[in-house]
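Taking it in order: structure first as structure tokens, then the write-up.
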Amino acid sequence: MATETVNQDLREQCNHLDRKLAQLEALLHATYGVSQEGFDAMAAELRDNYMWACSDLAGECRALANHVSTVVYQGDRAQANAL
């Protein structure tokens, strides 16, 4: 039962991380290449806020990845101790 709960949590966290990374990818896509013209045309304060949002999303992704890594590592350690 506990393993099912951990697996469900991991699936949810991985899905959440995937959604956040997709959002970050979409936001960053507008900052380079052909799309960069629109970004460059924004007022400086708006560009700052835009990049701040990207930074916040990256931080959320790092926190989610750390959480998933911790859960996986603890699970691996528990399996090794059971051997």
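The way I read the labels, and the way they are meant: chains A, B, ... in the order of the structure tokens, residue 1 as the first residue of every chain, and ligand 1 as the first ligand shown, with later ones counted on from there.
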* **12 Å contact set for stretch 58-60 of chain A, only C-alpha atoms, chain neighbours under 4 positions out, as a PyMOL selection string** => chain A and resi 13+16-25+27-28+51-54+64-67
| field | Spatial neighbours of stretch 5-9 of chain A, max dist 10 Å, only C-alpha atoms, sep filter under 2 positions, as a ChimeraX atom specification | value | /A:1-3,11-15,68,71-72,75
Quick one: residues within 12 Å of A:Ala41, only C-alpha atoms counted, chain neighbours fewer than 6 positions away excluded, as a PyMOL selection string?
-> chain A and resi 30-31+35+47
